[in-house]
$ cat upload13.txt   # compact mmCIF, C-alpha atoms (C1' of nucleotides)
# COMPACT_ATOMS: atom_id res chain seq x y z
CA MET A 1 22.28 -0.34 -8.32
CA ARG A 2 18.83 1.11 -7.65
CA ILE A 3 16.10 -0.75 -5.73
CA VAL A 4 12.61 0.80 -5.74
CA SER A 5 9.64 0.19 -3.43
CA TRP A 6 6.21 1.26 -4.68
CA ASN A 7 2.71 0.53 -3.43
CA VAL A 8 0.84 0.83 -6.75
CA ASN A 9 -2.70 0.33 -5.43
CA SER A 10 -3.71 -2.06 -8.27
CA ILE A 11 -1.23 -2.92 -11.04
CA ARG A 12 -4.01 -3.22 -13.59
CA ALA A 13 -5.33 0.28 -12.87
CA ARG A 14 -1.76 1.62 -12.89
CA GLU A 15 -0.15 -0.46 -15.65
CA ASN A 16 0.59 2.38 -18.07
CA ARG A 17 1.83 4.69 -15.35
CA VAL A 18 4.20 2.04 -13.99
CA LEU A 19 5.45 1.11 -17.47
CA ASN A 20 6.08 4.75 -18.37
CA TRP A 21 7.90 5.33 -15.10
CA LEU A 22 10.02 2.17 -15.53
CA ASP A 23 10.88 3.07 -19.11
CA GLN A 24 12.04 6.49 -17.99
CA GLU A 25 13.84 5.53 -14.76
CA ARG A 26 15.16 2.04 -15.61
CA PRO A 27 15.85 0.97 -12.00
CA ASP A 28 17.56 -2.39 -11.53
CA VAL A 29 14.85 -3.66 -9.19
CA LEU A 30 11.22 -2.63 -8.61
CA CYS A 31 9.33 -4.02 -5.61
CA LEU A 32 5.57 -3.59 -5.97
CA GLN A 33 2.90 -3.94 -3.29
CA GLU A 34 -0.90 -4.07 -3.51
CA LEU A 35 -1.09 -5.66 -6.95
CA LYS A 36 -4.75 -6.51 -6.26
CA CYS A 37 -4.65 -9.34 -8.78
CA THR A 38 -3.83 -12.99 -9.27
CA GLU A 39 -0.85 -14.23 -11.26
CA GLU A 40 -3.26 -15.01 -14.13
CA GLN A 41 -4.39 -11.38 -14.15
CA PHE A 42 -0.91 -9.83 -13.96
CA PRO A 43 0.08 -7.83 -17.11
CA PHE A 44 3.43 -9.54 -17.74
CA ASP A 45 3.82 -8.54 -21.40
CA GLY A 46 4.60 -4.86 -20.94
CA PHE A 47 7.24 -5.53 -18.32
CA ASP A 48 8.77 -8.30 -20.37
CA ALA A 49 9.07 -5.89 -23.29
CA LEU A 50 11.07 -3.52 -21.07
CA GLY A 51 13.40 -6.37 -20.12
CA TYR A 52 12.11 -7.00 -16.61
CA GLU A 53 11.80 -10.45 -15.10
CA VAL A 54 8.92 -10.84 -12.63
CA ALA A 55 8.65 -12.91 -9.44
CA MET A 56 5.31 -12.51 -7.73
CA GLN A 57 2.74 -13.78 -5.28
CA GLY A 58 -0.73 -12.71 -6.30
CA GLN A 59 -4.13 -12.75 -4.66
CA LYS A 60 -7.60 -11.93 -5.87
CA THR A 61 -8.75 -8.36 -5.07
CA TYR A 62 -6.39 -7.74 -2.14
CA ASN A 63 -2.67 -7.57 -1.40
CA GLY A 64 -0.23 -9.15 -3.84
CA VAL A 65 3.52 -8.43 -4.13
CA ALA A 66 6.04 -8.62 -6.97
CA ILE A 67 9.76 -8.19 -7.56
CA LEU A 68 10.70 -6.95 -11.05
CA SER A 69 14.36 -7.08 -12.06
CA LEU A 70 16.63 -6.53 -15.05
CA GLU A 71 19.03 -9.17 -13.66
CA PRO A 72 17.94 -12.73 -12.84
CA ILE A 73 16.00 -13.24 -9.59
CA GLU A 74 17.31 -16.23 -7.66
CA GLU A 75 16.20 -18.14 -4.57
CA VAL A 76 12.64 -16.78 -4.66
CA GLU A 77 10.66 -17.27 -1.47
CA THR A 78 6.97 -16.41 -1.05
CA GLY A 79 4.49 -16.69 1.79
CA LEU A 80 6.44 -14.33 4.05
CA PRO A 81 6.61 -13.85 6.93
CA TRP A 82 4.97 -17.11 7.79
CA PRO A 83 3.23 -19.71 5.62
CA ASP A 84 0.08 -19.81 7.77
CA ASP A 85 -0.76 -16.29 6.63
CA ALA A 86 -3.16 -16.65 3.72
CA ALA A 87 -2.48 -13.11 2.47
CA ALA A 88 0.11 -12.43 -0.27
CA ARG A 89 2.18 -9.88 1.61
CA GLY A 90 5.81 -10.93 1.37
CA ILE A 91 8.28 -12.15 -1.26
CA ALA A 92 12.07 -12.38 -1.32
CA GLY A 93 14.65 -12.96 -4.03
CA THR A 94 18.39 -12.59 -4.54
CA ILE A 95 19.56 -10.22 -7.28
CA ALA A 96 23.25 -9.60 -8.06
CA GLY A 97 24.12 -10.90 -4.60
CA VAL A 98 21.66 -8.66 -2.73
CA ARG A 99 18.86 -10.35 -0.79
CA VAL A 100 15.76 -8.29 -1.62
CA VAL A 101 12.73 -8.66 0.69
CA ASN A 102 9.51 -7.00 -0.46
CA LEU A 103 6.84 -6.48 2.21
CA TYR A 104 3.27 -5.26 2.43
CA VAL A 105 2.58 -4.87 6.14
CA PRO A 106 -1.14 -4.98 7.09
CA ASN A 107 -2.82 -1.62 7.44
CA GLY A 108 -4.39 -2.32 10.82
CA SER A 109 -7.60 -0.35 10.23
CA ALA A 110 -7.99 1.06 13.76
CA VAL A 111 -6.26 0.36 17.07
CA ASP A 112 -9.37 -1.22 18.60
CA SER A 113 -9.94 -3.61 15.67
CA ASP A 114 -9.09 -7.25 15.01
CA LYS A 115 -7.08 -6.06 12.01
CA TYR A 116 -4.82 -4.12 14.33
CA ASP A 117 -4.16 -7.26 16.37
CA TYR A 118 -3.37 -9.07 13.13
CA LYS A 119 -0.97 -6.28 12.14
CA LEU A 120 0.94 -6.58 15.42
CA ALA A 121 1.05 -10.39 15.14
CA TRP A 122 2.24 -10.08 11.54
CA LEU A 123 5.04 -7.72 12.61
CA ASP A 124 6.05 -10.17 15.35
CA GLN A 125 6.26 -12.93 12.75
CA LEU A 126 8.25 -10.64 10.47
CA ALA A 127 10.76 -9.99 13.27
CA ARG A 128 11.09 -13.72 13.80
CA TRP A 129 11.56 -14.36 10.07
CA LEU A 130 14.09 -11.54 9.58
CA GLY A 131 15.90 -12.67 12.72
CA ALA A 132 16.46 -16.03 11.06
CA GLN A 133 17.94 -14.48 7.89
CA ASP A 134 21.62 -13.87 7.20
CA ARG A 135 22.09 -10.27 8.32
CA ALA A 136 25.87 -10.29 7.95
CA GLY A 137 25.54 -9.86 4.20
CA GLU A 138 23.74 -7.47 1.89
CA LEU A 139 20.00 -7.51 2.59
CA VAL A 140 17.26 -4.93 2.11
CA ALA A 141 13.73 -5.35 3.51
CA CYS A 142 11.71 -2.71 1.71
CA GLY A 143 8.03 -2.06 1.27
CA ASP A 144 4.89 -0.48 2.63
CA TYR A 145 5.36 -0.83 6.40
CA ASN A 146 2.22 1.14 7.24
CA ILE A 147 4.15 2.67 10.14
CA ALA A 148 5.38 6.23 10.51
CA PRO A 149 8.36 5.47 12.80
CA ALA A 150 8.35 8.84 14.62
CA ASP A 151 6.48 12.14 14.74
CA ILE A 152 9.07 13.59 12.35
CA ASP A 153 7.58 11.20 9.77
CA CYS A 154 4.13 12.85 10.05
CA SER A 155 3.29 16.28 8.70
CA GLU A 156 0.36 16.53 11.13
CA PRO A 157 1.37 14.42 14.17
CA GLU A 158 -1.51 15.75 16.26
CA ARG A 159 -4.02 14.43 13.71
CA TRP A 160 -2.68 10.88 13.89
CA ALA A 161 -1.67 10.75 17.56
CA GLY A 162 -2.30 7.34 19.11
CA GLY A 163 -3.99 6.01 15.99
CA VAL A 164 -3.10 3.31 13.53
CA LEU A 165 0.18 3.97 11.63
CA VAL A 166 1.75 5.83 14.56
CA SER A 167 0.68 3.99 17.74
CA ASP A 168 3.33 3.04 20.30
CA PRO A 169 2.96 -0.75 19.84
CA GLU A 170 3.54 -0.36 16.07
CA ARG A 171 6.52 1.92 16.59
CA GLU A 172 7.94 -0.46 19.19
CA ARG A 173 7.82 -3.25 16.65
CA PHE A 174 9.46 -1.06 14.02
CA ARG A 175 12.29 -0.38 16.47
CA GLY A 176 12.42 -4.12 17.11
CA LEU A 177 13.21 -4.68 13.44
CA LEU A 178 16.02 -2.11 13.67
CA SER A 179 17.36 -3.87 16.76
CA LEU A 180 18.02 -6.90 14.55
CA GLY A 181 20.83 -4.85 13.04
CA LEU A 182 18.83 -3.15 10.30
CA HIS A 183 18.92 0.56 9.43
CA ASP A 184 16.18 2.85 8.12
CA ALA A 185 18.14 3.97 5.06
CA LEU A 186 16.52 7.37 4.51
CA ARG A 187 16.78 8.27 8.20
CA ALA A 188 20.39 7.13 8.32
CA LEU A 189 21.24 9.43 5.44
CA ARG A 190 19.07 12.38 6.52
CA PRO A 191 18.37 12.30 10.28
CA ASP A 192 16.27 15.46 10.43
CA THR A 193 14.34 15.72 7.16
CA ARG A 194 10.56 15.66 6.96
CA GLU A 195 9.62 13.70 3.82
CA TRP A 196 6.50 11.80 2.89
CA THR A 197 5.75 8.67 0.85
CA TRP A 198 1.95 8.53 1.21
CA TRP A 199 -0.87 11.06 0.92
CA ASP A 200 -4.52 10.26 1.69
CA PHE A 201 -6.97 10.67 -1.20
CA LYS A 202 -9.94 11.36 1.06
CA THR A 203 -8.52 14.33 2.89
CA SER A 204 -6.66 15.71 -0.14
CA MET A 205 -3.41 15.45 1.74
CA PHE A 206 -1.24 15.82 -1.34
CA GLU A 207 -3.02 18.99 -2.42
CA ARG A 208 -2.66 20.37 1.11
CA GLY A 209 1.05 19.58 1.24
CA GLU A 210 0.57 17.07 4.06
CA GLY A 211 1.83 13.47 4.16
CA LEU A 212 3.27 10.49 6.04
CA ARG A 213 6.49 8.50 5.63
CA ILE A 214 5.36 4.87 5.84
CA ASP A 215 7.33 3.20 3.00
CA HIS A 216 10.86 2.24 3.98
CA HIS A 217 14.07 0.49 3.01
CA LEU A 218 15.59 -1.36 5.97
CA VAL A 219 19.17 -2.36 5.20
CA THR A 220 21.89 -4.41 6.87
CA GLU A 221 25.11 -2.75 8.02
CA ARG A 222 26.92 -4.13 5.00
CA LEU A 223 24.38 -2.65 2.61
CA LEU A 224 24.21 0.66 4.48
CA ALA A 225 27.85 1.12 3.56
CA ARG A 226 26.79 1.15 -0.10
CA CYS A 227 23.82 3.53 0.35
CA GLU A 228 24.31 6.77 -1.53
CA ASP A 229 20.78 8.16 -1.56
CA VAL A 230 17.07 7.51 -1.03
CA VAL A 231 14.85 9.35 -3.49
CA ILE A 232 11.08 9.79 -3.11
CA ASP A 233 9.52 10.63 -6.48
CA VAL A 234 6.89 13.03 -5.17
CA ALA A 235 6.03 14.14 -8.72
CA GLU A 236 4.68 10.65 -9.47
CA ARG A 237 1.93 11.26 -6.87
CA ALA A 238 0.56 14.07 -9.08
CA GLY A 239 -1.24 13.92 -12.40
CA ASP A 240 -3.96 11.61 -13.68
CA LYS A 241 -4.94 8.66 -11.47
CA PRO A 242 -1.81 8.33 -9.36
CA SER A 243 -1.29 5.73 -6.64
CA ASP A 244 -1.62 7.23 -3.16
CA HIS A 245 2.02 6.16 -2.55
CA ALA A 246 5.09 7.50 -4.33
CA PRO A 247 7.89 5.24 -5.60
CA VAL A 248 10.89 5.29 -3.23
CA THR A 249 14.32 4.52 -4.68
CA LEU A 250 17.32 3.21 -2.75
CA VAL A 251 20.51 4.18 -4.59
CA LEU A 252 23.49 1.89 -3.96
CA GLY A 253 27.10 2.51 -5.00
C1' DA B 254 -13.47 17.59 11.72
C1' DT B 255 -11.30 11.38 9.56
C1' DG B 256 -14.79 11.99 5.42
C1' DG B 257 -15.72 13.93 1.35
C1' DC B 258 -11.48 9.24 -2.63
C1' DG B 259 -10.07 5.20 -5.43
C1' DC B 260 -10.18 0.36 -6.62
C1' DA B 261 -12.24 -4.46 -7.09
C1' DT B 262 -16.23 -7.06 -7.42
C1' DG B 263 -20.02 -7.58 -10.27
C1' DG B 264 -23.30 -5.42 -12.54
C1' DA B 265 -25.50 -1.96 -6.94
C1' DA B 266 -23.74 -1.61 -2.84
C1' DT B 267 -20.06 -2.96 -0.09
C1' DG B 268 -15.31 -4.00 1.67
C1' DC B 269 -11.02 -2.22 2.13
C1' DG B 270 -7.14 0.86 2.09
C1' DA B 271 -4.18 4.21 5.59
$ encode --input "upload13.txt" --output "structure tokens"
Amino acid sequence: MRIVSWNVNSIRARENRVLNWLDQERPDVLCLQELKCTEEQFPFDGFDALGYEVAMQGQKTYNGVAILSLEPIEEVETGLPWPDDAAARGIAGTIAGVRVVNLYVPNGSAVDSDKYDYKLAWLDQLARWLGAQDRAGELVACGDYNIAPADIDCSEPERWAGGVLVSDPERERFRGLLSLGLHDALRALRPDTREWTWWDFKTSMFERGEGLRIDHHLVTERLLARCEDVVIDVAERAGDKPSDHAPVTLVLG
DNA sequence: ATGGCGCATGGAATGCGA
């Protein structure tokens, strides 16, 4: 079973790219973030033609998350991590017995901004929500966490030092999620590798060979036992009008 | 050096992403 996380940075702008990628890769589950559209605007037809069922929570212009699956999606829950949050940033569903949680953590803008405070509060609510889930079974909480957990996850740590994406309070909260009994799947499989999932357009990071690892699959102990690989499709970041994030695939046995 | 990009909205300039 393969479960993909991909921040597509607008599904309408990226529809053909995502369809082509899905047709070629045929993962069991695709978790999308940053749809940037409402449910009325979502291009269901192409995905339906490829055999994918869609569960989504949309929003005009910003945010928006979807779970696409070849197998039925059961027990869908939206409005994560807490219903008071007006933004469409979290959706969960159960597929073939695996609880799949798809998250789009707030960016945070800058450490001295209100958006940063919102990001930390959102992460606290996420910890509370995940803490209330059944973590004895097979659960994966994947998505765009907007946190590089350690300096090894930054190609240029000195550039980002202390800023949003790498600040201590954000990293503390990431570790807090792990302390719930979750494991960073890629890091568990490859403790020392330096791999990236996001490359800034503005500073031509991809072209310069620089990047950050901010998209993750957090898995329960039970699911970690099934993890065979985590694959970042760096090639998908190249070419015509790519997303600034690459698709990241969790491979289960 | 942190923007110089890309996308949505709306029909230009602005907000936002990370």
$ residues_around --input "upload13.txt" --residues "Leu218 of chain A" --least-positions-apart "6" --cutoff "12 Å" --atoms "only C-alpha atoms (C1' of nucleotides)" --output "PDB file with C-alpha atoms, in the coordinates of the input"
ATOM      1  CA  ILE A   3      16.100  -0.750  -5.730  1.00  0.00           C
ATOM      2  CA  SER A   5       9.640   0.190  -3.430  1.00  0.00           C
ATOM      3  CA  ARG A  99      18.860 -10.350  -0.790  1.00  0.00           C
ATOM      4  CA  VAL A 100      15.760  -8.290  -1.620  1.00  0.00           C
ATOM      5  CA  VAL A 101      12.730  -8.660   0.690  1.00  0.00           C
ATOM      6  CA  ASN A 102       9.510  -7.000  -0.460  1.00  0.00           C
ATOM      7  CA  LEU A 103       6.840  -6.480   2.210  1.00  0.00           C
ATOM      8  CA  LEU A 130      14.090 -11.540   9.580  1.00  0.00           C
ATOM      9  CA  ARG A 135      22.090 -10.270   8.320  1.00  0.00           C
ATOM     10  CA  GLU A 138      23.740  -7.470   1.890  1.00  0.00           C
ATOM     11  CA  LEU A 139      20.000  -7.510   2.590  1.00  0.00           C
ATOM     12  CA  VAL A 140      17.260  -4.930   2.110  1.00  0.00           C
ATOM     13  CA  ALA A 141      13.730  -5.350   3.510  1.00  0.00           C
ATOM     14  CA  CYS A 142      11.710  -2.710   1.710  1.00  0.00           C
ATOM     15  CA  GLY A 143       8.030  -2.060   1.270  1.00  0.00           C
ATOM     16  CA  ASP A 144       4.890  -0.480   2.630  1.00  0.00           C
ATOM     17  CA  TYR A 145       5.360  -0.830   6.400  1.00  0.00           C
ATOM     18  CA  PHE A 174       9.460  -1.060  14.020  1.00  0.00           C
ATOM     19  CA  ARG A 175      12.290  -0.380  16.470  1.00  0.00           C
ATOM     20  CA  GLY A 176      12.420  -4.120  17.110  1.00  0.00           C
ATOM     21  CA  LEU A 177      13.210  -4.680  13.440  1.00  0.00           C
ATOM     22  CA  LEU A 178      16.020  -2.110  13.670  1.00  0.00           C
ATOM     23  CA  SER A 179      17.360  -3.870  16.760  1.00  0.00           C
ATOM     24  CA  LEU A 180      18.020  -6.900  14.550  1.00  0.00           C
ATOM     25  CA  GLY A 181      20.830  -4.850  13.040  1.00  0.00           C
ATOM     26  CA  LEU A 182      18.830  -3.150  10.300  1.00  0.00           C
ATOM     27  CA  HIS A 183      18.920   0.560   9.430  1.00  0.00           C
ATOM     28  CA  ASP A 184      16.180   2.850   8.120  1.00  0.00           C
ATOM     29  CA  ALA A 185      18.140   3.970   5.060  1.00  0.00           C
ATOM     30  CA  LEU A 186      16.520   7.370   4.510  1.00  0.00           C
ATOM     31  CA  ARG A 187      16.780   8.270   8.200  1.00  0.00           C
ATOM     32  CA  ALA A 188      20.390   7.130   8.320  1.00  0.00           C
ATOM     33  CA  LEU A 224      24.210   0.660   4.480  1.00  0.00           C
ATOM     34  CA  CYS A 227      23.820   3.530   0.350  1.00  0.00           C
ATOM     35  CA  VAL A 230      17.070   7.510  -1.030  1.00  0.00           C
ATOM     36  CA  LEU A 250      17.320   3.210  -2.750  1.00  0.00           C
TER      37      LEU A 250
END
$ interface_residues --input "upload13.txt" --of "chain A" --to "chain B" --cutoff "7 Å" --atoms "all atoms listed in the file" --output "ChimeraX atom specification"
/A:61,107,201-202
$ residues_around --input "upload13.txt" --residues "Thr197 of chain A" --least-positions-apart "6" --cutoff "10 Å" --atoms "only C-alpha atoms (C1' of nucleotides)" --output "number ranges by chain"
A: 6-7, 144, 148, 153, 211-216, 232-234, 237, 244-248
$ axis_aligned_box --input "upload13.txt" --around "chain B" --padding-each-side "4 Å" --output "AutoDock Vina command-line options"
--center_x -14.8 --center_y 5.0 --center_z -0.4 --size_x 29.3 --size_y 33.2 --size_z 32.3
$ build_atoms --input "upload13.txt" --residues "segment 164-181 of chain A" --atoms "N, CA and C atoms" --output "CSV table (one decimal), in the frame of the given file"
chain,number,residue,atom,x,y,z
A,164,VAL,N,-3.8,4.3,14.4
A,164,VAL,CA,-3.1,3.3,13.5
A,164,VAL,C,-2.1,4.1,12.7
A,165,LEU,N,-1.0,3.4,12.4
A,165,LEU,CA,0.2,4.0,11.6
A,165,LEU,C,1.2,4.6,12.5
A,166,VAL,N,0.8,5.1,13.7
A,166,VAL,CA,1.8,5.8,14.6
A,166,VAL,C,1.7,5.3,16.0
A,167,SER,N,0.8,4.4,16.3
A,167,SER,CA,0.7,4.0,17.7
A,167,SER,C,2.0,3.4,18.3
A,168,ASP,N,2.1,3.5,19.6
A,168,ASP,CA,3.3,3.0,20.3
A,168,ASP,C,3.6,1.6,20.0
A,169,PRO,N,2.6,0.7,20.1
A,169,PRO,CA,3.0,-0.8,19.8
A,169,PRO,C,3.5,-1.0,18.4
A,170,GLU,N,3.0,-0.2,17.4
A,170,GLU,CA,3.5,-0.4,16.1
A,170,GLU,C,5.0,0.2,16.0
A,171,ARG,N,5.2,1.3,16.6
A,171,ARG,CA,6.5,1.9,16.6
A,171,ARG,C,7.5,1.1,17.4
A,172,GLU,N,7.1,0.4,18.5
A,172,GLU,CA,7.9,-0.5,19.2
A,172,GLU,C,8.4,-1.6,18.3
A,173,ARG,N,7.5,-2.1,17.5
A,173,ARG,CA,7.8,-3.2,16.6
A,173,ARG,C,8.7,-2.8,15.5
A,174,PHE,N,8.5,-1.6,15.0
A,174,PHE,CA,9.5,-1.1,14.0
A,174,PHE,C,10.9,-1.0,14.6
A,175,ARG,N,11.0,-0.5,15.8
A,175,ARG,CA,12.3,-0.4,16.5
A,175,ARG,C,12.9,-1.8,16.7
A,176,GLY,N,12.0,-2.7,16.9
A,176,GLY,CA,12.4,-4.1,17.1
A,176,GLY,C,13.1,-4.7,15.9
A,177,LEU,N,12.6,-4.3,14.7
A,177,LEU,CA,13.2,-4.7,13.4
A,177,LEU,C,14.6,-4.1,13.3
A,178,LEU,N,14.7,-2.8,13.7
A,178,LEU,CA,16.0,-2.1,13.7
A,178,LEU,C,17.0,-2.8,14.6
A,179,SER,N,16.5,-3.3,15.8
A,179,SER,CA,17.4,-3.9,16.8
A,179,SER,C,17.9,-5.2,16.3
A,180,LEU,N,17.4,-5.7,15.2
A,180,LEU,CA,18.0,-6.9,14.6
A,180,LEU,C,19.3,-6.6,13.8
A,181,GLY,N,19.6,-5.3,13.8
A,181,GLY,CA,20.8,-4.8,13.0
A,181,GLY,C,20.5,-4.2,11.7
